[in-house]
Amino acid sequence: HRMAPRIGAVTKLDHAVNATALLAYLAKRMEDRIGVLSFGAEVEFGIRQGHGTRHLRQITDFLSDVRAEFMHTDYRALAVHVGRRLRHRALVVILTDLPEAEECEGLVRAVQALTRTHLPLLLVPTDPALEAGARFQPADFPELCRTLVARDIWSARRHLVKDLRRRGAIVVESTPERIGLEAVNAYLEVKRRQLL
């Protein structure tokens with residue numbers, strides 16, 4: 001549900017789908033195996049790991065049907081599902097917006113579970129309006145209230161990102177429009193550093 005808001009003409013989810021398709025294409029070119037799934041309150045089965053042109057077509061078909069729904073995001077169910085499906089160390093790319101402070105425990109625990117075997121890479125779309133609001137210099141009391149709320153949310157996000165990195169995840173933040181490019185750069189950096 002956090003990926004439903006629009007950024008310009010398309011949603012955050014649309015940007016994430018485009019980034020996933022781009023990564024799938026690059027993985028095919030690099031002859032790496034790739035699988036894909038979507039998740040919310042439950043984990044959809046998705047497409048198992050594979051490679052080749054036919055497999056890439058299956059992933060593209062699956063991605064074209066992914067829709068945002070306004071429901072709880074269960075990161076722990078995702079970690080359990082991935083743990084059952086992937087027995088060997090793998091790069092697990094998670095495209096998601098960060099949860100609010102009171103809901104971040106599920107994401108932190110999921111990352112902890114994944115890092116036991118895998119390398120989690122979180123691609124997180126930033127919110128330019130939130131950052132601007134946190135840096136705004138208020139001129140009156142209502143503006144002060146909005147700025148303080150924005151600063152609290154922004155500070156909680158910064159703390160969560162640091163915590164996730166400390167627990168072994170790679171976290172890449174980018175504007176939604178650039179998330180595909182940053183996904184490619186992060187994937188290539190993992191390969192260059194031979195982290196798997």
# chains A, B, ... in the order shown; residues from 1 in each chain; ligands from 1

call {"tool": "closest_atom_pairs", "arguments": {"of": "stretch 7-64 of chain A", "to": "stretch 174-184 of chain A", "cutoff": "12 Å", "atoms": "only C-alpha atoms", "output": "CSV"}}
result
residue,atom,partner,partner_atom,distance
A:Ile7,CA,A:Pro176,CA,7.3
A:Gly8,CA,A:Glu177,CA,9.3
A:Ala9,CA,A:Glu177,CA,10.7
A:Val10,CA,A:Glu177,CA,9.5
A:Thr11,CA,A:Pro176,CA,8.7
A:Lys12,CA,A:Pro176,CA,6.2
A:Leu13,CA,A:Pro176,CA,9.0
A:Asp14,CA,A:Pro176,CA,9.1
A:His15,CA,A:Pro176,CA,6.0
A:Ala16,CA,A:Ile179,CA,7.1
A:Val17,CA,A:Gly180,CA,8.9
A:Asn18,CA,A:Gly180,CA,6.7
A:Ala19,CA,A:Gly180,CA,3.8
A:Thr20,CA,A:Gly180,CA,7.3
A:Ala21,CA,A:Gly180,CA,8.7
A:Leu22,CA,A:Gly180,CA,6.7
A:Leu23,CA,A:Val184,CA,6.2
A:Ala24,CA,A:Val184,CA,9.8
A:Tyr25,CA,A:Val184,CA,10.2
A:Leu26,CA,A:Val184,CA,7.7
A:Ala27,CA,A:Val184,CA,9.6
A:Met30,CA,A:Val184,CA,11.8

call {"tool": "closest_residue", "arguments": {"among": "A:Ala41, A:Met71, A:Leu160, A:Ala101", "to": "A:Ala4", "atoms": "only C-alpha atoms"}}
result
A:Met71

call {"tool": "residues_around", "arguments": {"residues": "A:Asp61", "least_positions_apart": "3", "cutoff": "12 Å", "atoms": "only C-alpha atoms", "output": "number ranges by chain"}}
result
A: 17, 21, 36-37, 46-47, 54-58, 64-66

call {"tool": "closest_residue", "arguments": {"among": "A:Glu105, A:Asp152, A:Asp97, A:Asp163", "to": "A:Pro5", "atoms": "only C-alpha atoms"}}
result
A:Asp97

call {"tool": "select_by_dssp", "arguments": {"residues": "stretch 11-150 of chain A", "states": "strand (DSSP E or B)", "output": "PyMOL selection string"}}
result
chain A and resi 11+34-36+39+43+47-50+91-95+119-125

call {"tool": "write_last_selection", "arguments": {"atoms": "N, CA and C atoms", "output": "PDB file, in the first residue's frame"}}
result
ATOM      1  N   THR A  11       2.523   5.761 -10.417  1.00  0.00           N
ATOM      2  CA  THR A  11       2.672   5.436  -9.000  1.00  0.00           C
ATOM      3  C   THR A  11       4.100   4.988  -8.690  1.00  0.00           C
ATOM      4  N   ILE A  34      16.927 -15.466 -12.218  1.00  0.00           N
ATOM      5  CA  ILE A  34      16.119 -14.463 -11.524  1.00  0.00           C
ATOM      6  C   ILE A  34      14.706 -14.994 -11.343  1.00  0.00           C
ATOM      7  N   GLY A  35      14.130 -14.648 -10.202  1.00  0.00           N
ATOM      8  CA  GLY A  35      12.729 -14.934  -9.935  1.00  0.00           C
ATOM      9  C   GLY A  35      12.084 -13.647  -9.452  1.00  0.00           C
ATOM     10  N   VAL A  36      10.779 -13.613  -9.412  1.00  0.00           N
ATOM     11  CA  VAL A  36      10.090 -12.399  -8.986  1.00  0.00           C
ATOM     12  C   VAL A  36       8.800 -12.768  -8.271  1.00  0.00           C
ATOM     13  N   PHE A  39       4.201  -8.883  -2.921  1.00  0.00           N
ATOM     14  CA  PHE A  39       3.704  -9.200  -1.590  1.00  0.00           C
ATOM     15  C   PHE A  39       2.989  -8.001  -0.989  1.00  0.00           C
ATOM     16  N   VAL A  43       2.105 -13.237   0.403  1.00  0.00           N
ATOM     17  CA  VAL A  43       3.091 -13.278  -0.669  1.00  0.00           C
ATOM     18  C   VAL A  43       2.470 -14.010  -1.852  1.00  0.00           C
ATOM     19  N   ILE A  47       7.066 -15.814 -10.051  1.00  0.00           N
ATOM     20  CA  ILE A  47       7.772 -16.619 -11.039  1.00  0.00           C
ATOM     21  C   ILE A  47       9.041 -17.164 -10.395  1.00  0.00           C
ATOM     22  N   ARG A  48       9.183 -18.481 -10.404  1.00  0.00           N
ATOM     23  CA  ARG A  48      10.375 -19.110  -9.817  1.00  0.00           C
ATOM     24  C   ARG A  48      11.637 -18.687 -10.562  1.00  0.00           C
ATOM     25  N   GLN A  49      12.776 -18.930  -9.934  1.00  0.00           N
ATOM     26  CA  GLN A  49      14.052 -18.594 -10.572  1.00  0.00           C
ATOM     27  C   GLN A  49      14.231 -19.357 -11.878  1.00  0.00           C
ATOM     28  N   GLY A  50      14.809 -18.677 -12.828  1.00  0.00           N
ATOM     29  CA  GLY A  50      15.107 -19.271 -14.111  1.00  0.00           C
ATOM     30  C   GLY A  50      15.913 -18.293 -14.938  1.00  0.00           C
ATOM     31  N   LEU A  91      21.056 -12.886  -3.993  1.00  0.00           N
ATOM     32  CA  LEU A  91      20.724 -11.473  -3.847  1.00  0.00           C
ATOM     33  C   LEU A  91      19.207 -11.369  -3.839  1.00  0.00           C
ATOM     34  N   VAL A  92      18.646 -10.825  -2.770  1.00  0.00           N
ATOM     35  CA  VAL A  92      17.200 -10.656  -2.652  1.00  0.00           C
ATOM     36  C   VAL A  92      16.915  -9.158  -2.723  1.00  0.00           C
ATOM     37  N   VAL A  93      16.363  -8.738  -3.852  1.00  0.00           N
ATOM     38  CA  VAL A  93      16.079  -7.322  -4.084  1.00  0.00           C
ATOM     39  C   VAL A  93      14.647  -7.042  -3.644  1.00  0.00           C
ATOM     40  N   ILE A  94      14.496  -6.088  -2.751  1.00  0.00           N
ATOM     41  CA  ILE A  94      13.172  -5.713  -2.247  1.00  0.00           C
ATOM     42  C   ILE A  94      12.936  -4.250  -2.610  1.00  0.00           C
ATOM     43  N   LEU A  95      11.955  -4.012  -3.449  1.00  0.00           N
ATOM     44  CA  LEU A  95      11.567  -2.645  -3.795  1.00  0.00           C
ATOM     45  C   LEU A  95      10.375  -2.282  -2.929  1.00  0.00           C
ATOM     46  N   LEU A 119      21.760 -12.029   0.718  1.00  0.00           N
ATOM     47  CA  LEU A 119      22.160 -10.621   0.728  1.00  0.00           C
ATOM     48  C   LEU A 119      20.949  -9.789   0.323  1.00  0.00           C
ATOM     49  N   PRO A 120      20.283  -9.136   1.303  1.00  0.00           N
ATOM     50  CA  PRO A 120      19.146  -8.305   0.941  1.00  0.00           C
ATOM     51  C   PRO A 120      19.587  -6.938   0.408  1.00  0.00           C
ATOM     52  N   LEU A 121      18.982  -6.537  -0.690  1.00  0.00           N
ATOM     53  CA  LEU A 121      19.192  -5.218  -1.279  1.00  0.00           C
ATOM     54  C   LEU A 121      17.844  -4.522  -1.299  1.00  0.00           C
ATOM     55  N   LEU A 122      17.708  -3.474  -0.515  1.00  0.00           N
ATOM     56  CA  LEU A 122      16.459  -2.726  -0.466  1.00  0.00           C
ATOM     57  C   LEU A 122      16.586  -1.498  -1.348  1.00  0.00           C
ATOM     58  N   LEU A 123      15.677  -1.372  -2.301  1.00  0.00           N
ATOM     59  CA  LEU A 123      15.597  -0.200  -3.158  1.00  0.00           C
ATOM     60  C   LEU A 123      14.404   0.617  -2.688  1.00  0.00           C
ATOM     61  N   VAL A 124      14.683   1.798  -2.173  1.00  0.00           N
ATOM     62  CA  VAL A 124      13.672   2.590  -1.486  1.00  0.00           C
ATOM     63  C   VAL A 124      13.451   3.911  -2.222  1.00  0.00           C
ATOM     64  N   PRO A 125      12.234   4.151  -2.707  1.00  0.00           N
ATOM     65  CA  PRO A 125      11.966   5.448  -3.320  1.00  0.00           C
ATOM     66  C   PRO A 125      11.902   6.536  -2.255  1.00  0.00           C
TER      67      PRO A 125
END

call {"tool": "select_by_dssp", "arguments": {"residues": "stretch 25-117 of chain A", "states": "helix (DSSP H, G or I)", "output": "ChimeraX atom specification"}}
result
/A:25-29,53-64,75-85,101-103,105-115

call {"tool": "closest_residue", "arguments": {"among": "A:Ile59, A:Cys145, A:Leu98, A:Val111", "to": "A:Ile170", "atoms": "only C-alpha atoms"}}
result
A:Val111

call {"tool": "residues_around", "arguments": {"residues": "A:Glu42", "least_positions_apart": "5", "cutoff": "8 Å", "atoms": "only C-alpha atoms", "output": "ChimeraX atom specification"}}
result
/A:73-74,77-78

call {"tool": "closest_residue", "arguments": {"among": "A:His118, A:Lys162, A:Arg109, A:Arg67", "to": "A:His88", "atoms": "only C-alpha atoms"}}
result
A:His118

call {"tool": "decode", "arguments": {"residues": "stretch 27-43 of chain A", "atoms": "all heavy atoms", "output": "mmCIF file, in the first residue's frame"}}
result
data_model
loop_
_atom_site.group_PDB
_atom_site.id
_atom_site.type_symbol
_atom_site.label_atom_id
_atom_site.label_comp_id
_atom_site.auth_asym_id
_atom_site.auth_seq_id
_atom_site.Cartn_x
_atom_site.Cartn_y
_atom_site.Cartn_z
ATOM 1 N N ALA A 27 19.778 -9.182 -15.798
ATOM 2 C CA ALA A 27 20.148 -10.504 -15.282
ATOM 3 C C ALA A 27 20.163 -11.532 -16.402
ATOM 4 O O ALA A 27 21.033 -12.406 -16.444
ATOM 5 C CB ALA A 27 19.182 -10.928 -14.178
ATOM 6 N N LYS A 28 19.210 -11.426 -17.324
ATOM 7 C CA LYS A 28 19.206 -12.330 -18.480
ATOM 8 C C LYS A 28 20.468 -12.141 -19.305
ATOM 9 O O LYS A 28 21.112 -13.099 -19.708
ATOM 10 C CB LYS A 28 17.972 -12.073 -19.344
ATOM 11 C CG LYS A 28 17.944 -12.898 -20.621
ATOM 12 C CD LYS A 28 16.900 -12.371 -21.584
ATOM 13 C CE LYS A 28 17.012 -13.011 -22.946
ATOM 14 N NZ LYS A 28 18.121 -12.535 -23.739
ATOM 15 N N ARG A 29 20.826 -10.875 -19.540
ATOM 16 C CA ARG A 29 22.035 -10.588 -20.326
ATOM 17 C C ARG A 29 23.293 -11.091 -19.632
ATOM 18 O O ARG A 29 24.251 -11.505 -20.276
ATOM 19 C CB ARG A 29 22.174 -9.074 -20.566
ATOM 20 C CG ARG A 29 21.107 -8.451 -21.443
ATOM 21 C CD ARG A 29 21.186 -8.902 -22.892
ATOM 22 N NE ARG A 29 22.470 -8.714 -23.495
ATOM 23 C CZ ARG A 29 22.821 -7.703 -24.261
ATOM 24 N NH1 ARG A 29 21.956 -6.757 -24.527
ATOM 25 N NH2 ARG A 29 24.030 -7.628 -24.766
ATOM 26 N N MET A 30 23.294 -11.071 -18.297
ATOM 27 C CA MET A 30 24.455 -11.523 -17.514
ATOM 28 C C MET A 30 24.401 -13.030 -17.247
ATOM 29 O O MET A 30 25.241 -13.562 -16.549
ATOM 30 C CB MET A 30 24.522 -10.768 -16.186
ATOM 31 C CG MET A 30 24.560 -9.268 -16.334
ATOM 32 S SD MET A 30 26.147 -8.650 -16.822
ATOM 33 C CE MET A 30 26.936 -8.450 -15.261
ATOM 34 N N GLU A 31 23.358 -13.673 -17.772
ATOM 35 C CA GLU A 31 23.149 -15.114 -17.600
ATOM 36 C C GLU A 31 23.004 -15.515 -16.136
ATOM 37 O O GLU A 31 23.417 -16.597 -15.712
ATOM 38 C CB GLU A 31 24.255 -15.908 -18.290
ATOM 39 C CG GLU A 31 24.290 -15.665 -19.796
ATOM 40 C CD GLU A 31 25.336 -16.500 -20.514
ATOM 41 O OE1 GLU A 31 26.031 -17.297 -19.867
ATOM 42 O OE2 GLU A 31 25.438 -16.340 -21.739
ATOM 43 N N ASP A 32 22.384 -14.635 -15.355
ATOM 44 C CA ASP A 32 22.047 -14.939 -13.965
ATOM 45 C C ASP A 32 20.603 -15.430 -13.906
ATOM 46 O O ASP A 32 19.777 -15.067 -14.735
ATOM 47 C CB ASP A 32 22.173 -13.686 -13.083
ATOM 48 C CG ASP A 32 23.611 -13.359 -12.744
ATOM 49 O OD1 ASP A 32 24.468 -14.263 -12.817
ATOM 50 O OD2 ASP A 32 23.878 -12.185 -12.404
ATOM 51 N N ARG A 33 20.335 -16.234 -12.903
ATOM 52 C CA ARG A 33 18.966 -16.689 -12.676
ATOM 53 C C ARG A 33 18.221 -15.604 -11.908
ATOM 54 O O ARG A 33 18.798 -14.935 -11.057
ATOM 55 C CB ARG A 33 18.981 -17.991 -11.879
ATOM 56 C CG ARG A 33 19.607 -19.144 -12.646
ATOM 57 C CD ARG A 33 19.876 -20.354 -11.759
ATOM 58 N NE ARG A 33 18.711 -20.806 -11.036
ATOM 59 C CZ ARG A 33 17.758 -21.600 -11.530
ATOM 60 N NH1 ARG A 33 17.857 -22.038 -12.766
ATOM 61 N NH2 ARG A 33 16.748 -21.987 -10.793
ATOM 62 N N ILE A 34 16.927 -15.466 -12.218
ATOM 63 C CA ILE A 34 16.119 -14.463 -11.524
ATOM 64 C C ILE A 34 14.706 -14.994 -11.343
ATOM 65 O O ILE A 34 14.187 -15.723 -12.184
ATOM 66 C CB ILE A 34 16.112 -13.114 -12.288
ATOM 67 C CG1 ILE A 34 15.402 -12.031 -11.469
ATOM 68 C CG2 ILE A 34 15.502 -13.260 -13.671
ATOM 69 C CD1 ILE A 34 15.574 -10.631 -12.032
ATOM 70 N N GLY A 35 14.130 -14.648 -10.202
ATOM 71 C CA GLY A 35 12.729 -14.934 -9.935
ATOM 72 C C GLY A 35 12.084 -13.647 -9.452
ATOM 73 O O GLY A 35 12.777 -12.684 -9.118
ATOM 74 N N VAL A 36 10.779 -13.613 -9.412
ATOM 75 C CA VAL A 36 10.090 -12.399 -8.986
ATOM 76 C C VAL A 36 8.800 -12.768 -8.271
ATOM 77 O O VAL A 36 8.179 -13.793 -8.574
ATOM 78 C CB VAL A 36 9.824 -11.472 -10.201
ATOM 79 C CG1 VAL A 36 8.855 -12.104 -11.171
ATOM 80 C CG2 VAL A 36 9.353 -10.106 -9.778
ATOM 81 N N LEU A 37 8.413 -11.959 -7.301
ATOM 82 C CA LEU A 37 7.136 -12.120 -6.619
ATOM 83 C C LEU A 37 6.675 -10.767 -6.133
ATOM 84 O O LEU A 37 7.451 -9.810 -6.114
ATOM 85 C CB LEU A 37 7.233 -13.121 -5.468
ATOM 86 C CG LEU A 37 8.280 -12.891 -4.371
ATOM 87 C CD1 LEU A 37 7.789 -11.889 -3.338
ATOM 88 C CD2 LEU A 37 8.614 -14.200 -3.702
ATOM 89 N N SER A 38 5.422 -10.675 -5.780
ATOM 90 C CA SER A 38 4.896 -9.460 -5.161
ATOM 91 C C SER A 38 4.313 -9.857 -3.810
ATOM 92 O O SER A 38 3.972 -11.011 -3.578
ATOM 93 C CB SER A 38 3.850 -8.792 -6.057
ATOM 94 O OG SER A 38 2.721 -9.608 -6.196
ATOM 95 N N PHE A 39 4.201 -8.883 -2.921
ATOM 96 C CA PHE A 39 3.704 -9.200 -1.590
ATOM 97 C C PHE A 39 2.989 -8.001 -0.989
ATOM 98 O O PHE A 39 3.214 -6.858 -1.366
ATOM 99 C CB PHE A 39 4.846 -9.652 -0.668
ATOM 100 C CG PHE A 39 5.834 -8.562 -0.323
ATOM 101 C CD1 PHE A 39 5.770 -7.924 0.901
ATOM 102 C CD2 PHE A 39 6.819 -8.193 -1.213
ATOM 103 C CE1 PHE A 39 6.677 -6.920 1.223
ATOM 104 C CE2 PHE A 39 7.730 -7.200 -0.903
ATOM 105 C CZ PHE A 39 7.650 -6.560 0.324
ATOM 106 N N GLY A 40 2.094 -8.308 -0.093
ATOM 107 C CA GLY A 40 1.351 -7.322 0.689
ATOM 108 C C GLY A 40 1.075 -7.996 2.011
ATOM 109 O O GLY A 40 1.988 -8.371 2.739
ATOM 110 N N ALA A 41 -0.200 -8.231 2.309
ATOM 111 C CA ALA A 41 -0.549 -8.994 3.503
ATOM 112 C C ALA A 41 -0.149 -10.452 3.331
ATOM 113 O O ALA A 41 0.107 -11.160 4.301
ATOM 114 C CB ALA A 41 -2.035 -8.892 3.784
ATOM 115 N N GLU A 42 -0.097 -10.911 2.069
ATOM 116 C CA GLU A 42 0.358 -12.260 1.737
ATOM 117 C C GLU A 42 1.371 -12.161 0.608
ATOM 118 O O GLU A 42 1.461 -11.140 -0.072
ATOM 119 C CB GLU A 42 -0.821 -13.128 1.302
ATOM 120 C CG GLU A 42 -1.865 -13.333 2.386
ATOM 121 C CD GLU A 42 -3.049 -14.132 1.893
ATOM 122 O OE1 GLU A 42 -3.090 -14.475 0.692
ATOM 123 O OE2 GLU A 42 -3.938 -14.403 2.705
ATOM 124 N N VAL A 43 2.105 -13.237 0.403
ATOM 125 C CA VAL A 43 3.091 -13.278 -0.669
ATOM 126 C C VAL A 43 2.470 -14.010 -1.852
ATOM 127 O O VAL A 43 2.033 -15.145 -1.723
ATOM 128 C CB VAL A 43 4.379 -13.996 -0.220
ATOM 129 C CG1 VAL A 43 5.388 -14.051 -1.360
ATOM 130 C CG2 VAL A 43 4.981 -13.301 0.997
#
